[in-house]
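A quick write-up on the structure given underneath.
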Amino acid sequence: MIEPRSLSAMTTFAADHDDPTKATITDVATLIATGAGAGLSPVAPGTAGSIVATALLAFLLDMPVIWHWWGWFGLTALAVWSSKRAGAAWGVIDHPAIVIDEFAGLWLATLIPMSVLTFDLSSMTLLVGSLLLFRLFDIVKPWPVRALERGVPGAWGVVLDDVVAGAMAGGCMTVVLMAIAAS
């Protein structure tokens, strides 16, 4: 097992780290944090993690919405725990290989329209639209996403910015689906 580095030796942001491929899966926490390895992608690890999360959600969409909410809360707690452990192991709090936060954000982006809208949703439209909107908010980082990423310390900051990006994407996706249904 890799010994966690001291907090003073850790950097805060992904841009402070020179090579995201240096991350390795050494235990359950790093396996979870990388989204079962999706975060080890040498190109756009956040997008790779989001695509894997979308594929997993495609198999879960038929579950009752209440189960989705319970699962999302559990995943979010797991994301904070695994992000903290992986960040300590790799010496970067918000290492690019940590993509479990994308799973939580994307799940929320799909969960909001599923919870709010009463008409039948097209699975493909919901998933692809949620993925695109979530990635937009996660990459552009409008307020308050960037403020949370920079202002909330540690693993909570790693996860909360993606949760808020997911909430913003979910709100927008709800409006888009309502507009599609009304036309």
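Here's how to read the names in the structure tokens: chain A, B, ... by the order shown, residue numbers from 1 in each chain, ligand numbers from 1 in the order shown.
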
Write out as a ChimeraX atom specification which residues come within 12 Å of Arg150 (chain A) when counting only C-alpha atoms, dropping same-chain ones fewer than 5 positions away. /A:12-14,93-94,141,143-145,155-161

Convert the current residue selection to file output with all heavy atoms, as a short mmCIF file (atom, residue, chain, number, x, y, z; two decimals), in the first residue's frame.
```
data_model
loop_
_atom_site.label_atom_id
_atom_site.label_comp_id
_atom_site.auth_asym_id
_atom_site.auth_seq_id
_atom_site.Cartn_x
_atom_site.Cartn_y
_atom_site.Cartn_z
N THR A 12 -3.15 21.31 -4.70
CA THR A 12 -4.59 21.42 -4.66
C THR A 12 -5.26 21.10 -5.99
O THR A 12 -6.26 20.43 -6.04
CB THR A 12 -4.99 22.84 -4.22
OG1 THR A 12 -4.38 23.09 -2.97
CG2 THR A 12 -6.49 22.96 -4.09
N PHE A 13 -4.72 21.57 -7.09
CA PHE A 13 -5.42 21.50 -8.35
C PHE A 13 -4.71 20.63 -9.36
O PHE A 13 -3.50 20.46 -9.32
CB PHE A 13 -5.63 22.90 -8.92
CG PHE A 13 -6.41 23.77 -7.98
CD1 PHE A 13 -5.79 24.78 -7.28
CD2 PHE A 13 -7.76 23.55 -7.77
CE1 PHE A 13 -6.50 25.56 -6.40
CE2 PHE A 13 -8.48 24.33 -6.89
CZ PHE A 13 -7.85 25.34 -6.20
N ALA A 14 -5.50 20.10 -10.28
CA ALA A 14 -4.98 19.21 -11.30
C ALA A 14 -3.88 19.88 -12.11
O ALA A 14 -2.92 19.23 -12.52
CB ALA A 14 -6.11 18.77 -12.22
N ILE A 93 -4.73 16.78 -4.39
CA ILE A 93 -6.08 16.72 -3.85
C ILE A 93 -7.11 16.49 -4.96
O ILE A 93 -7.99 15.66 -4.82
CB ILE A 93 -6.40 18.01 -3.06
CG1 ILE A 93 -5.52 18.06 -1.81
CG2 ILE A 93 -7.87 18.07 -2.68
CD1 ILE A 93 -5.51 19.40 -1.11
N ASP A 94 -7.00 17.23 -6.06
CA ASP A 94 -7.96 17.09 -7.17
C ASP A 94 -7.22 16.54 -8.39
O ASP A 94 -7.12 17.19 -9.43
CB ASP A 94 -8.63 18.43 -7.48
CG ASP A 94 -9.87 18.28 -8.34
OD1 ASP A 94 -10.20 17.15 -8.73
OD2 ASP A 94 -10.51 19.31 -8.64
N LYS A 141 -17.18 25.70 -15.79
CA LYS A 141 -17.19 26.02 -14.36
C LYS A 141 -17.73 27.42 -14.07
O LYS A 141 -17.04 28.27 -13.50
CB LYS A 141 -15.80 25.86 -13.75
CG LYS A 141 -15.32 24.42 -13.82
CD LYS A 141 -14.18 24.18 -12.88
CE LYS A 141 -13.62 22.79 -13.03
NZ LYS A 141 -14.53 21.70 -12.83
N TRP A 143 -20.02 30.29 -12.09
CA TRP A 143 -20.32 30.43 -10.68
C TRP A 143 -21.59 29.65 -10.39
O TRP A 143 -22.51 29.68 -11.20
CB TRP A 143 -20.52 31.91 -10.32
CG TRP A 143 -20.70 32.09 -8.85
CD1 TRP A 143 -19.73 32.30 -7.93
CD2 TRP A 143 -21.94 32.01 -8.13
NE1 TRP A 143 -20.27 32.36 -6.69
CE2 TRP A 143 -21.64 32.18 -6.78
CE3 TRP A 143 -23.26 31.80 -8.49
CZ2 TRP A 143 -22.61 32.17 -5.79
CZ3 TRP A 143 -24.23 31.78 -7.50
CH2 TRP A 143 -23.89 31.97 -6.17
N PRO A 144 -21.71 28.91 -9.37
CA PRO A 144 -20.85 28.73 -8.21
C PRO A 144 -19.93 27.51 -8.30
O PRO A 144 -19.27 27.17 -7.32
CB PRO A 144 -21.85 28.53 -7.08
CG PRO A 144 -22.98 27.79 -7.72
CD PRO A 144 -23.06 28.35 -9.13
N VAL A 145 -19.87 26.87 -9.47
CA VAL A 145 -19.06 25.65 -9.60
C VAL A 145 -17.59 25.94 -9.29
O VAL A 145 -16.97 25.27 -8.46
CB VAL A 145 -19.22 25.03 -11.01
CG1 VAL A 145 -18.31 23.83 -11.17
CG2 VAL A 145 -20.68 24.65 -11.27
N ALA A 155 -11.47 16.79 -0.21
CA ALA A 155 -12.32 15.94 -1.03
C ALA A 155 -13.72 16.51 -1.20
O ALA A 155 -14.36 16.29 -2.24
CB ALA A 155 -12.39 14.53 -0.43
N TRP A 156 -14.20 17.25 -0.21
CA TRP A 156 -15.53 17.87 -0.36
C TRP A 156 -15.53 18.84 -1.54
O TRP A 156 -16.50 18.90 -2.30
CB TRP A 156 -15.95 18.56 0.93
CG TRP A 156 -16.47 17.59 1.93
CD1 TRP A 156 -15.81 17.12 3.04
CD2 TRP A 156 -17.73 16.92 1.90
NE1 TRP A 156 -16.60 16.20 3.70
CE2 TRP A 156 -17.78 16.07 3.03
CE3 TRP A 156 -18.82 16.96 1.04
CZ2 TRP A 156 -18.88 15.28 3.31
CZ3 TRP A 156 -19.92 16.16 1.32
CH2 TRP A 156 -19.94 15.34 2.44
N GLY A 157 -14.48 19.60 -1.71
CA GLY A 157 -14.38 20.52 -2.85
C GLY A 157 -14.29 19.78 -4.17
O GLY A 157 -14.86 20.21 -5.18
N VAL A 158 -13.57 18.65 -4.16
CA VAL A 158 -13.45 17.83 -5.37
C VAL A 158 -14.83 17.37 -5.82
O VAL A 158 -15.15 17.40 -7.02
CB VAL A 158 -12.53 16.61 -5.10
CG1 VAL A 158 -12.55 15.64 -6.26
CG2 VAL A 158 -11.10 17.06 -4.79
N VAL A 159 -15.64 16.95 -4.89
CA VAL A 159 -16.95 16.37 -5.22
C VAL A 159 -18.03 17.43 -5.39
O VAL A 159 -18.84 17.36 -6.33
CB VAL A 159 -17.36 15.32 -4.16
CG1 VAL A 159 -18.76 14.79 -4.42
CG2 VAL A 159 -16.34 14.18 -4.13
N LEU A 160 -18.07 18.44 -4.53
CA LEU A 160 -19.17 19.39 -4.55
C LEU A 160 -19.25 20.20 -5.83
O LEU A 160 -20.35 20.53 -6.29
CB LEU A 160 -19.11 20.32 -3.34
CG LEU A 160 -19.60 19.72 -2.04
CD1 LEU A 160 -19.48 20.73 -0.89
CD2 LEU A 160 -21.04 19.25 -2.15
N ASP A 161 -18.11 20.54 -6.44
CA ASP A 161 -18.20 21.31 -7.68
C ASP A 161 -18.89 20.50 -8.78
O ASP A 161 -19.68 21.02 -9.56
CB ASP A 161 -16.83 21.83 -8.12
CG ASP A 161 -15.92 20.78 -8.70
OD1 ASP A 161 -15.67 19.77 -8.02
OD2 ASP A 161 -15.46 20.96 -9.85
#
```

Helix (DSSP H, G or I) residues, from DSSP on the backbone, in region 70-99 of chain A, as a list of chain:residue names: A:Trp70, A:Gly71, A:Trp72, A:Phe73, A:Gly74, A:Leu75, A:Thr76, A:Ala77, A:Leu78, A:Ala79, A:Val80, A:Trp81, A:Ser82, A:Ser83, A:Lys84, A:Arg85, A:Ala86, A:Gly87, A:Ala88, A:Ala89, A:Trp90

Serialized selection, N, CA, C and O atoms, as an mmCIF file, in the first residue's frame:
```cif
data_model
loop_
_atom_site.group_PDB
_atom_site.id
_atom_site.type_symbol
_atom_site.label_atom_id
_atom_site.label_comp_id
_atom_site.auth_asym_id
_atom_site.auth_seq_id
_atom_site.Cartn_x
_atom_site.Cartn_y
_atom_site.Cartn_z
ATOM 1 N N TRP A 70 -31.350 7.193 -3.248
ATOM 2 C CA TRP A 70 -30.545 6.515 -2.225
ATOM 3 C C TRP A 70 -29.173 6.136 -2.779
ATOM 4 O O TRP A 70 -28.153 6.293 -2.097
ATOM 5 N N GLY A 71 -29.166 5.618 -3.994
ATOM 6 C CA GLY A 71 -27.896 5.264 -4.631
ATOM 7 C C GLY A 71 -27.008 6.471 -4.828
ATOM 8 O O GLY A 71 -25.794 6.410 -4.602
ATOM 9 N N TRP A 72 -27.608 7.587 -5.239
ATOM 10 C CA TRP A 72 -26.826 8.808 -5.471
ATOM 11 C C TRP A 72 -26.207 9.311 -4.167
ATOM 12 O O TRP A 72 -25.032 9.675 -4.139
ATOM 13 N N PHE A 73 -26.990 9.333 -3.086
ATOM 14 C CA PHE A 73 -26.433 9.766 -1.799
ATOM 15 C C PHE A 73 -25.282 8.854 -1.367
ATOM 16 O O PHE A 73 -24.246 9.322 -0.895
ATOM 17 N N GLY A 74 -25.469 7.558 -1.533
ATOM 18 C CA GLY A 74 -24.398 6.618 -1.191
ATOM 19 C C GLY A 74 -23.166 6.818 -2.057
ATOM 20 O O GLY A 74 -22.033 6.811 -1.559
ATOM 21 N N LEU A 75 -23.370 7.003 -3.353
ATOM 22 C CA LEU A 75 -22.246 7.225 -4.261
ATOM 23 C C LEU A 75 -21.514 8.521 -3.917
ATOM 24 O O LEU A 75 -20.277 8.558 -3.949
ATOM 25 N N THR A 76 -22.258 9.553 -3.566
ATOM 26 C CA THR A 76 -21.624 10.830 -3.233
ATOM 27 C C THR A 76 -20.751 10.689 -1.987
ATOM 28 O O THR A 76 -19.626 11.190 -1.948
ATOM 29 N N ALA A 77 -21.240 9.977 -0.988
ATOM 30 C CA ALA A 77 -20.421 9.726 0.212
ATOM 31 C C ALA A 77 -19.193 8.901 -0.144
ATOM 32 O O ALA A 77 -18.080 9.191 0.320
ATOM 33 N N LEU A 78 -19.376 7.898 -0.986
ATOM 34 C CA LEU A 78 -18.257 7.067 -1.438
ATOM 35 C C LEU A 78 -17.257 7.899 -2.240
ATOM 36 O O LEU A 78 -16.041 7.699 -2.140
ATOM 37 N N ALA A 79 -17.762 8.858 -3.015
ATOM 38 C CA ALA A 79 -16.888 9.724 -3.807
ATOM 39 C C ALA A 79 -16.005 10.587 -2.915
ATOM 40 O O ALA A 79 -14.806 10.754 -3.184
ATOM 41 N N VAL A 80 -16.576 11.132 -1.852
ATOM 42 C CA VAL A 80 -15.781 11.958 -0.929
ATOM 43 C C VAL A 80 -14.704 11.098 -0.275
ATOM 44 O O VAL A 80 -13.528 11.480 -0.225
ATOM 45 N N TRP A 81 -15.093 9.928 0.194
ATOM 46 C CA TRP A 81 -14.134 9.039 0.857
ATOM 47 C C TRP A 81 -13.007 8.619 -0.092
ATOM 48 O O TRP A 81 -11.827 8.730 0.237
ATOM 49 N N SER A 82 -13.367 8.135 -1.275
ATOM 50 C CA SER A 82 -12.342 7.626 -2.200
ATOM 51 C C SER A 82 -11.489 8.753 -2.774
ATOM 52 O O SER A 82 -10.291 8.567 -2.998
ATOM 53 N N SER A 83 -12.080 9.919 -2.996
ATOM 54 C CA SER A 83 -11.307 11.064 -3.494
ATOM 55 C C SER A 83 -10.257 11.493 -2.472
ATOM 56 O O SER A 83 -9.121 11.807 -2.837
ATOM 57 N N LYS A 84 -10.645 11.498 -1.220
ATOM 58 C CA LYS A 84 -9.697 11.863 -0.154
ATOM 59 C C LYS A 84 -8.539 10.882 -0.110
ATOM 60 O O LYS A 84 -7.372 11.270 -0.054
ATOM 61 N N ARG A 85 -8.852 9.598 -0.159
ATOM 62 C CA ARG A 85 -7.811 8.566 -0.103
ATOM 63 C C ARG A 85 -6.905 8.607 -1.334
ATOM 64 O O ARG A 85 -5.682 8.508 -1.218
ATOM 65 N N ALA A 86 -7.501 8.730 -2.530
ATOM 66 C CA ALA A 86 -6.709 8.758 -3.763
ATOM 67 C C ALA A 86 -5.859 10.022 -3.828
ATOM 68 O O ALA A 86 -4.683 9.968 -4.213
ATOM 69 N N GLY A 87 -6.442 11.156 -3.458
ATOM 70 C CA GLY A 87 -5.670 12.398 -3.450
ATOM 71 C C GLY A 87 -4.465 12.309 -2.530
ATOM 72 O O GLY A 87 -3.368 12.772 -2.865
ATOM 73 N N ALA A 88 -4.647 11.686 -1.368
ATOM 74 C CA ALA A 88 -3.530 11.509 -0.437
ATOM 75 C C ALA A 88 -2.484 10.557 -1.008
ATOM 76 O O ALA A 88 -1.283 10.796 -0.902
ATOM 77 N N ALA A 89 -2.922 9.496 -1.652
ATOM 78 C CA ALA A 89 -1.979 8.520 -2.212
ATOM 79 C C ALA A 89 -1.165 9.114 -3.363
ATOM 80 O O ALA A 89 0.008 8.794 -3.528
ATOM 81 N N TRP A 90 -1.793 9.977 -4.150
ATOM 82 C CA TRP A 90 -1.121 10.528 -5.336
ATOM 83 C C TRP A 90 -0.520 11.903 -5.110
ATOM 84 O O TRP A 90 0.149 12.442 -5.977
#
```

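Each of A:Val163, A:Cys172, A:Val152, A:Val52 was checked against Ala104 (chain A) using only C-alpha atoms; the smallest atom-to-atom distance is that of A:Val163.
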
Determine, counting only C-alpha atoms, which protein, DNA and RNA residues have an atom within 10 Å of an atom of Leu61 (chain A); residues of the same chain fewer than 6 positions away are not included. Present the result as a list in words. His68, Thr110, Leu111, Met114, Ser123, Leu126 and Leu127 of chain A

As an exercise, work out the distance from CA of Lys22 (chain A) to CA of Arg135 (chain A) in Å and give it to one decimal place. 23.9 Å

In Å, rounded to a single decimal, give me how far CA of Thr118 (chain A) is from CA of Ile66 (chain A). 14.4 Å

May I have the residues within 12 Å of Ser115 (chain A) as JSON, numbers by chain, using only C-alpha atoms and disregarding those fewer than 3 positions away in the same chain? {"A": [61, 64, 65, 66, 67, 68, 69, 107, 108, 109, 110, 111, 112, 118, 119, 120, 121, 170, 171, 173, 174]}

Restricting the calculation to only C-alpha atoms, which member of A:Ile25, A:Leu117, A:Met124, A:Leu148 is positioned closest to Leu177 (chain A)? A:Leu117

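Candidate residues A:Val176, A:Met168, A:Ile100, A:Ala182 were compared for distance to Phe137 (chain A), and the nearest is A:Met168, using only C-alpha atoms.
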